[in-house]
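Novice: Just one file: start.pdb, with PDB, C-alpha atoms.
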```pdb
ATOM      1  CA  GLY A   1      -1.606  13.103  43.667
ATOM      2  CA  GLU A   2      -4.206  14.398  41.293
ATOM      3  CA  HIS A   3      -4.047  13.375  37.673
ATOM      4  CA  THR A   4      -5.137  15.882  35.120
ATOM      5  CA  HIS A   5      -6.279  14.668  31.758
ATOM      6  CA  HIS A   6      -4.826  16.602  28.882
ATOM      7  CA  HIS A   7      -6.975  16.490  25.761
ATOM      8  CA  SER A   8      -4.738  16.705  22.758
ATOM      9  CA  THR A   9      -5.812  18.828  19.830
ATOM     10  CA  SER A  10      -3.720  16.773  17.447
ATOM     11  CA  LEU A  11      -5.512  15.929  14.236
ATOM     12  CA  PHE A  12      -4.413  12.318  14.387
ATOM     13  CA  ASN A  13      -5.068  11.660  18.072
ATOM     14  CA  VAL A  14      -6.961   8.396  17.731
ATOM     15  CA  GLY A  15      -7.251   5.417  19.986
ATOM     16  CA  TYR A  16      -9.035   2.185  20.738
ATOM     17  CA  ASP A  17     -12.060   2.584  22.974
ATOM     18  CA  ALA A  18     -13.206  -0.926  23.978
ATOM     19  CA  ASP A  19     -15.977   0.375  26.235
ATOM     20  CA  GLY A  20     -17.272   2.623  23.463
ATOM     21  CA  ILE A  21     -17.294  -0.279  21.004
ATOM     22  CA  LEU A  22     -19.134  -2.531  23.472
ATOM     23  CA  SER A  23     -21.656   0.198  24.192
ATOM     24  CA  TYR A  24     -22.217   0.795  20.466
ATOM     25  CA  TYR A  25     -22.911  -2.871  19.656
ATOM     26  CA  ASP A  26     -24.852  -3.575  22.871
ATOM     27  CA  LYS A  27     -27.446  -1.126  21.542
ATOM     28  CA  ARG A  28     -27.595  -2.894  18.160
ATOM     29  CA  PRO A  29     -28.287  -6.609  18.751
ATOM     30  CA  TRP A  30     -30.135  -6.985  15.431
ATOM     31  CA  GLU A  31     -27.192  -5.543  13.534
ATOM     32  CA  VAL A  32     -24.835  -7.941  15.302
ATOM     33  CA  GLY A  33     -27.142 -10.912  14.655
ATOM     34  CA  LEU A  34     -27.541  -9.989  10.993
ATOM     35  CA  ARG A  35     -23.768  -9.688  10.535
ATOM     36  CA  LEU A  36     -23.135 -13.024  12.247
ATOM     37  CA  ASN A  37     -25.717 -14.652   9.977
ATOM     38  CA  MET A  38     -24.199 -13.001   6.913
ATOM     39  CA  LEU A  39     -20.842 -14.490   7.885
ATOM     40  CA  GLY A  40     -21.954 -17.830   9.272
ATOM     41  CA  LEU A  41     -24.750 -19.048   7.012
ATOM     42  CA  PRO A  42     -22.731 -19.120   3.763
ATOM     43  CA  LEU A  43     -19.911 -20.969   5.519
ATOM     44  CA  LEU A  44     -22.408 -23.392   7.043
ATOM     45  CA  GLY A  45     -23.821 -23.988   3.554
ATOM     46  CA  TRP A  46     -20.306 -24.602   2.266
ATOM     47  CA  TYR A  47     -19.673 -27.103   5.071
ATOM     48  CA  LEU A  48     -22.959 -28.912   4.366
ATOM     49  CA  GLY A  49     -21.860 -29.130   0.719
ATOM     50  CA  LEU A  50     -18.659 -30.835   1.893
ATOM     51  CA  ARG A  51     -20.664 -33.326   3.936
ATOM     52  CA  THR A  52     -22.922 -34.001   0.936
ATOM     53  CA  ASP A  53     -19.865 -34.578  -1.270
ATOM     54  CA  SER A  54     -18.580 -37.066   1.288
ATOM     55  CA  MET A  55     -21.912 -38.924   1.484
ATOM     56  CA  LEU A  56     -22.080 -39.110  -2.321
ATOM     57  CA  ASN A  57     -18.467 -40.269  -2.339
ATOM     58  CA  VAL A  58     -17.395 -37.537  -4.762
ATOM     59  CA  ASP A  59     -15.254 -35.606  -2.272
ATOM     60  CA  LYS A  60     -11.975 -36.985  -3.711
ATOM     61  CA  SER A  61     -12.745 -35.732  -7.232
ATOM     62  CA  GLU A  62     -10.316 -32.992  -8.330
ATOM     63  CA  GLU A  63     -13.154 -31.109 -10.021
ATOM     64  CA  VAL A  64     -15.274 -31.156  -6.833
ATOM     65  CA  GLU A  65     -12.316 -30.167  -4.618
ATOM     66  CA  ARG A  66     -11.482 -27.202  -6.871
ATOM     67  CA  LYS A  67     -15.162 -26.186  -6.944
ATOM     68  CA  ARG A  68     -15.365 -26.278  -3.124
ATOM     69  CA  GLY A  69     -12.129 -24.292  -2.848
ATOM     70  CA  ALA A  70     -13.497 -21.633  -5.214
ATOM     71  CA  GLU A  71     -16.767 -21.541  -3.247
ATOM     72  CA  LEU A  72     -14.854 -21.016   0.002
ATOM     73  CA  ARG A  73     -12.805 -18.195  -1.553
ATOM     74  CA  ASN A  74     -15.949 -16.546  -2.913
ATOM     75  CA  HIS A  75     -17.715 -16.803   0.461
ATOM     76  CA  LEU A  76     -14.749 -15.137   2.155
ATOM     77  CA  VAL A  77     -14.706 -12.309  -0.398
ATOM     78  CA  ARG A  78     -18.479 -11.783  -0.274
ATOM     79  CA  SER A  79     -18.361 -11.671   3.527
ATOM     80  CA  ARG A  80     -16.381  -8.411   3.266
ATOM     81  CA  SER A  81     -14.781  -9.474   6.537
ATOM     82  CA  VAL A  82     -11.150  -8.455   6.734
ATOM     83  CA  ALA A  83     -10.543 -11.137   9.366
ATOM     84  CA  LEU A  84     -11.979 -13.917   7.177
ATOM     85  CA  ILE A  85     -10.160 -12.755   4.047
ATOM     86  CA  LYS A  86      -6.866 -12.488   5.947
ATOM     87  CA  SER A  87      -7.458 -15.960   7.398
ATOM     88  CA  GLY A  88      -8.013 -17.298   3.882
ATOM     89  CA  GLN A  89      -4.797 -15.640   2.703
ATOM     90  CA  ALA A  90      -2.881 -17.143   5.624
ATOM     91  CA  LEU A  91      -4.340 -20.606   5.016
ATOM     92  CA  SER A  92      -3.302 -20.415   1.371
ATOM     93  CA  LEU A  93       0.292 -20.241   2.575
ATOM     94  CA  ARG A  94      -0.154 -23.326   4.772
ATOM     95  CA  PRO A  95      -1.670 -26.036   2.546
ATOM     96  CA  ASP A  96      -0.618 -28.597   5.153
ATOM     97  CA  LEU A  97      -3.429 -27.274   7.369
ATOM     98  CA  LEU A  98      -6.110 -27.778   4.715
ATOM     99  CA  LYS A  99      -7.846 -30.936   3.584
ATOM    100  CA  SER A 100      -7.003 -30.219  -0.053
ATOM    101  CA  LYS A 101      -4.065 -28.590  -1.823
ATOM    102  CA  LEU A 102      -6.580 -27.393  -4.408
ATOM    103  CA  TRP A 103      -8.335 -25.376  -1.701
ATOM    104  CA  ALA A 104      -4.994 -23.705  -0.931
ATOM    105  CA  ASP A 105      -4.576 -22.914  -4.637
ATOM    106  CA  GLU A 106      -8.015 -21.287  -4.720
ATOM    107  CA  LEU A 107      -7.401 -19.347  -1.492
ATOM    108  CA  GLY A 108      -4.082 -18.214  -2.966
ATOM    109  CA  LYS A 109      -6.117 -16.140  -5.409
ATOM    110  CA  LEU A 110      -7.028 -13.939  -2.427
ATOM    111  CA  VAL A 111      -3.376 -12.897  -2.469
ATOM    112  CA  ASP A 112      -2.414 -13.070  -6.130
ATOM    113  CA  GLU A 113      -5.509 -12.068  -8.054
ATOM    114  CA  VAL A 114      -6.910  -9.110  -6.203
ATOM    115  CA  GLY A 115      -8.729  -6.935  -8.699
ATOM    116  CA  SER A 116      -8.201  -3.244  -9.154
ATOM    117  CA  PHE A 117     -10.746  -0.451  -9.109
ATOM    118  CA  PRO A 118     -10.795   3.207 -10.210
ATOM    119  CA  ASP A 119      -8.575   5.763  -8.457
ATOM    120  CA  VAL A 120     -11.597   7.989  -7.785
ATOM    121  CA  ASP A 121     -13.194   5.103  -5.864
ATOM    122  CA  ALA A 122      -9.988   4.684  -3.837
ATOM    123  CA  MET A 123      -9.947   8.390  -2.974
ATOM    124  CA  ASN A 124     -13.624   8.261  -1.988
ATOM    125  CA  ILE A 125     -12.897   5.299   0.300
ATOM    126  CA  MET A 126     -10.022   7.230   1.894
ATOM    127  CA  ARG A 127     -12.260  10.265   2.377
ATOM    128  CA  GLU A 128     -15.051   8.177   3.909
ATOM    129  CA  GLU A 129     -12.710   6.263   6.229
ATOM    130  CA  LEU A 130     -11.079   9.471   7.449
ATOM    131  CA  SER A 131     -14.303  11.521   7.664
ATOM    132  CA  ASP A 132     -14.216  11.471  11.461
ATOM    133  CA  LEU A 133     -11.283  13.905  11.164
ATOM    134  CA  LEU A 134     -13.498  16.643   9.673
ATOM    135  CA  PRO A 135     -14.629  18.148  13.014
ATOM    136  CA  ARG A 136     -11.009  18.315  14.134
ATOM    137  CA  LEU A 137      -9.952  19.885  10.856
ATOM    138  CA  LYS A 138     -12.383  22.719  11.423
ATOM    139  CA  ASN A 139     -11.062  23.306  14.952
ATOM    140  CA  ILE A 140      -7.370  23.328  14.140
ATOM    141  CA  LYS A 141      -5.862  26.511  12.835
ATOM    142  CA  ARG A 142      -3.995  25.634   9.703
ATOM    143  CA  THR A 143      -0.858  27.502   8.814
ATOM    144  CA  GLU A 144      -0.676  29.661   5.745
ATOM    145  CA  ALA A 145       1.694  27.163   4.119
ATOM    146  CA  SER A 146      -0.617  24.167   4.557
ATOM    147  CA  THR A 147      -3.684  25.976   3.229
ATOM    148  CA  LYS A 148      -1.787  27.063   0.140
ATOM    149  CA  GLN A 149      -0.329  23.633  -0.485
ATOM    150  CA  ARG A 150      -1.603  22.675  -3.894
ATOM    151  CA  LEU A 151      -0.603  20.213  -6.498
ATOM    152  CA  VAL A 152       1.725  21.574  -9.115
ATOM    153  CA  THR A 153       0.621  20.359 -12.476
ATOM    154  CA  LYS A 154       1.203  21.381 -16.021
ATOM    155  CA  GLY A 155      -1.841  21.945 -18.149
ATOM    156  CA  LYS A 156      -5.388  20.885 -17.415
ATOM    157  CA  LYS A 157      -6.147  19.163 -14.089
ATOM    158  CA  THR A 158      -7.847  15.795 -14.080
ATOM    159  CA  ARG A 159     -11.112  15.055 -12.296
ATOM    160  CA  LEU A 160      -9.065  13.161  -9.720
ATOM    161  CA  GLN A 161      -6.700  16.088  -9.093
ATOM    162  CA  ARG A 162      -9.640  18.486  -8.689
ATOM    163  CA  LEU A 163     -11.271  16.036  -6.234
ATOM    164  CA  VAL A 164      -8.107  15.846  -4.112
ATOM    165  CA  GLU A 165      -7.524  19.603  -4.114
ATOM    166  CA  SER A 166     -11.109  20.492  -3.202
ATOM    167  CA  ASP A 167     -11.504  17.930  -0.410
ATOM    168  CA  PRO A 168     -10.461  19.040   3.111
ATOM    169  CA  ILE A 169      -9.270  15.533   4.013
ATOM    170  CA  LEU A 170      -7.626  14.409   0.783
ATOM    171  CA  SER A 171      -5.829  17.746   0.431
ATOM    172  CA  LEU A 172      -3.876  16.906   3.606
ATOM    173  CA  PHE A 173      -1.872  14.372   1.599
ATOM    174  CA  GLU A 174       0.865  15.112  -0.901
ATOM    175  CA  PHE A 175       0.643  13.214  -4.167
ATOM    176  CA  TYR A 176       3.520  13.098  -6.612
ATOM    177  CA  ASN A 177       1.912  10.857  -9.205
ATOM    178  CA  ASP A 178      -1.034  12.847 -10.553
ATOM    179  CA  CYS A 179      -3.155  11.540  -7.634
ATOM    180  CA  ARG A 180      -3.189   7.994  -8.924
ATOM    181  CA  VAL A 181      -3.354   5.145  -6.454
ATOM    182  CA  VAL A 182      -0.320   2.953  -7.050
ATOM    183  CA  ALA A 183      -1.198   0.042  -4.786
ATOM    184  CA  SER A 184      -3.241  -0.893  -1.777
ATOM    185  CA  ALA A 185      -2.406  -2.875   1.312
ATOM    186  CA  SER A 186      -3.854  -3.585   4.698
ATOM    187  CA  VAL A 187      -2.237  -2.146   7.798
ATOM    188  CA  GLY A 188      -0.862  -5.622   8.547
ATOM    189  CA  GLN A 189       0.908  -5.683   5.185
ATOM    190  CA  VAL A 190       2.418  -2.235   5.628
TER
END
```
If you took the structure in this file and wrote it as structure tokens, what would it be?
Specialist:
Amino acid sequence: GEHTHHHSTSLFNVGYDADGILSYYDKRPWEVGLRLNMLGLPLLGWYLGLRTDSMLNVDKSEEVERKRGAELRNHLVRSRSVALIKSGQALSLRPDLLKSKLWADELGKLVDEVGSFPDVDAMNIMREELSDLLPRLKNIKRTEASTKQRLVTKGKKTRLQRLVESDPILSLFEFYNDCRVVASASVGQV
């Protein structure tokens, strides 16, 4: 029988397109090479530092082990690679897999000492990450109730509340805490 493909008009109809991803990166070999170098070269430098420590016979020093653990943590953070950061977090929970317990302590800071940043920055990240919804927002007829949905506040609105109300993406969400970000988590943690 014939199969007909129904294209959903749902706002949140998203999926994983492996062929599209391959096609995108096949056309950008320099971008791929640069990213691999950005990830690999710092870790290679870290590894060469370990080898140097071993040759100089200082690799058993607590100070050197802690320094190398901190360097590894910093390389993972600077990589901005979710996969590497998550791997570091996982390794911190399994010190038996690492050469040094001090490395696990340093990697544990990827879990315990994650810094905060302004709520406006968090909202801007949400808007940027969900920006591919904008074309669909314009095509979907919104009901009278959803277009009139506004935050109920007493008194003067904050910059953050005005940002949320005026943005077509952020205004899709309901906030009951003056638009403040309470916490963040990766999809894997949720």
Novice: Here is a test: counting all atoms listed in the file, which residue of A:Gly45, A:Phe117, A:Asp26, A:Lys109 is nearest to Ile85 in chain A?
Specialist: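 Distance minimum relative to Ile85 in chain A lands on A:Lys109.
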Novice: One number please: CA of Ser54 in chain A to CA of Lys67 in chain A, in Å, one decimal.
Specialist: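 Computed distance, CA of Ser54 in chain A to CA of Lys67 in chain A, equals 14.1 Å.
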Novice: How many Å separate CA of Leu36 in chain A from CA of Glu71 in chain A?
Specialist: 18.8 Å
Novice: Name the residues captured by the PyMOL selection byres ((chain A and resi 101) around 12) when it is applied to the shown file; answer as a list in words.
Specialist: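 Taken over the shown coordinates, the PyMOL selection byres ((chain A and resi 101) around 12) returns Lys60, Glu62, Glu65, Arg66, Arg68, Gly69, Leu91, Ser92, Leu93, Arg94, Pro95, Asp96, Leu97, Leu98, Lys99, Ser100, Leu102, Trp103, Ala104, Asp105, Glu106, Leu107 and Gly108 of chain A.
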Novice: Report the distance between CA of Ser61 in chain A and CA of Gly49 in chain A in Å, rounded to one decimal place.
Specialist: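 Distance between the two atoms: 13.8 Å.
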Novice: Pick out the residues sitting within 9 Å of Phe173 in chain A, and hand them over as a compact mmCIF listing (two decimals) with C-alpha atoms, in the frame of the given file; count all atoms listed in the file, and ignore anything fewer than 3 positions along from it in its own chain.
Specialist:
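Saved result, part_15.txt, follows:
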```txt
# COMPACT_ATOMS: atom_id res chain seq x y z
CA VAL A 164 -8.11 15.85 -4.11
CA ILE A 169 -9.27 15.53 4.01
CA LEU A 170 -7.63 14.41 0.78
```
Novice: Rank A:Asp59, A:Tyr47, A:Val111, A:Pro168 by their smallest atom-to-atom distance to Arg136 in chain A, using only C-alpha atoms, and report the top residue only.
Specialist: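 Among A:Asp59, A:Tyr47, A:Val111, A:Pro168, it is A:Pro168 that comes nearest to Arg136 in chain A.
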Novice: I want to know what sits within 12 Å of Gly40 in chain A, based on only C-alpha atoms, with residues of the same chain fewer than 3 positions away left out; could you give that as a PDB file with C-alpha atoms, in the coordinates of the input?
Specialist:
```pdb
ATOM      1  CA  VAL A  32     -24.835  -7.941  15.302  1.00  0.00           C
ATOM      2  CA  GLY A  33     -27.142 -10.912  14.655  1.00  0.00           C
ATOM      3  CA  LEU A  34     -27.541  -9.989  10.993  1.00  0.00           C
ATOM      4  CA  ARG A  35     -23.768  -9.688  10.535  1.00  0.00           C
ATOM      5  CA  LEU A  36     -23.135 -13.024  12.247  1.00  0.00           C
ATOM      6  CA  ASN A  37     -25.717 -14.652   9.977  1.00  0.00           C
ATOM      7  CA  LEU A  43     -19.911 -20.969   5.519  1.00  0.00           C
ATOM      8  CA  LEU A  44     -22.408 -23.392   7.043  1.00  0.00           C
ATOM      9  CA  GLY A  45     -23.821 -23.988   3.554  1.00  0.00           C
ATOM     10  CA  TRP A  46     -20.306 -24.602   2.266  1.00  0.00           C
ATOM     11  CA  TYR A  47     -19.673 -27.103   5.071  1.00  0.00           C
ATOM     12  CA  HIS A  75     -17.715 -16.803   0.461  1.00  0.00           C
ATOM     13  CA  LEU A  76     -14.749 -15.137   2.155  1.00  0.00           C
ATOM     14  CA  ARG A  78     -18.479 -11.783  -0.274  1.00  0.00           C
ATOM     15  CA  SER A  79     -18.361 -11.671   3.527  1.00  0.00           C
ATOM     16  CA  SER A  81     -14.781  -9.474   6.537  1.00  0.00           C
ATOM     17  CA  LEU A  84     -11.979 -13.917   7.177  1.00  0.00           C
TER      18      LEU A  84
END
```
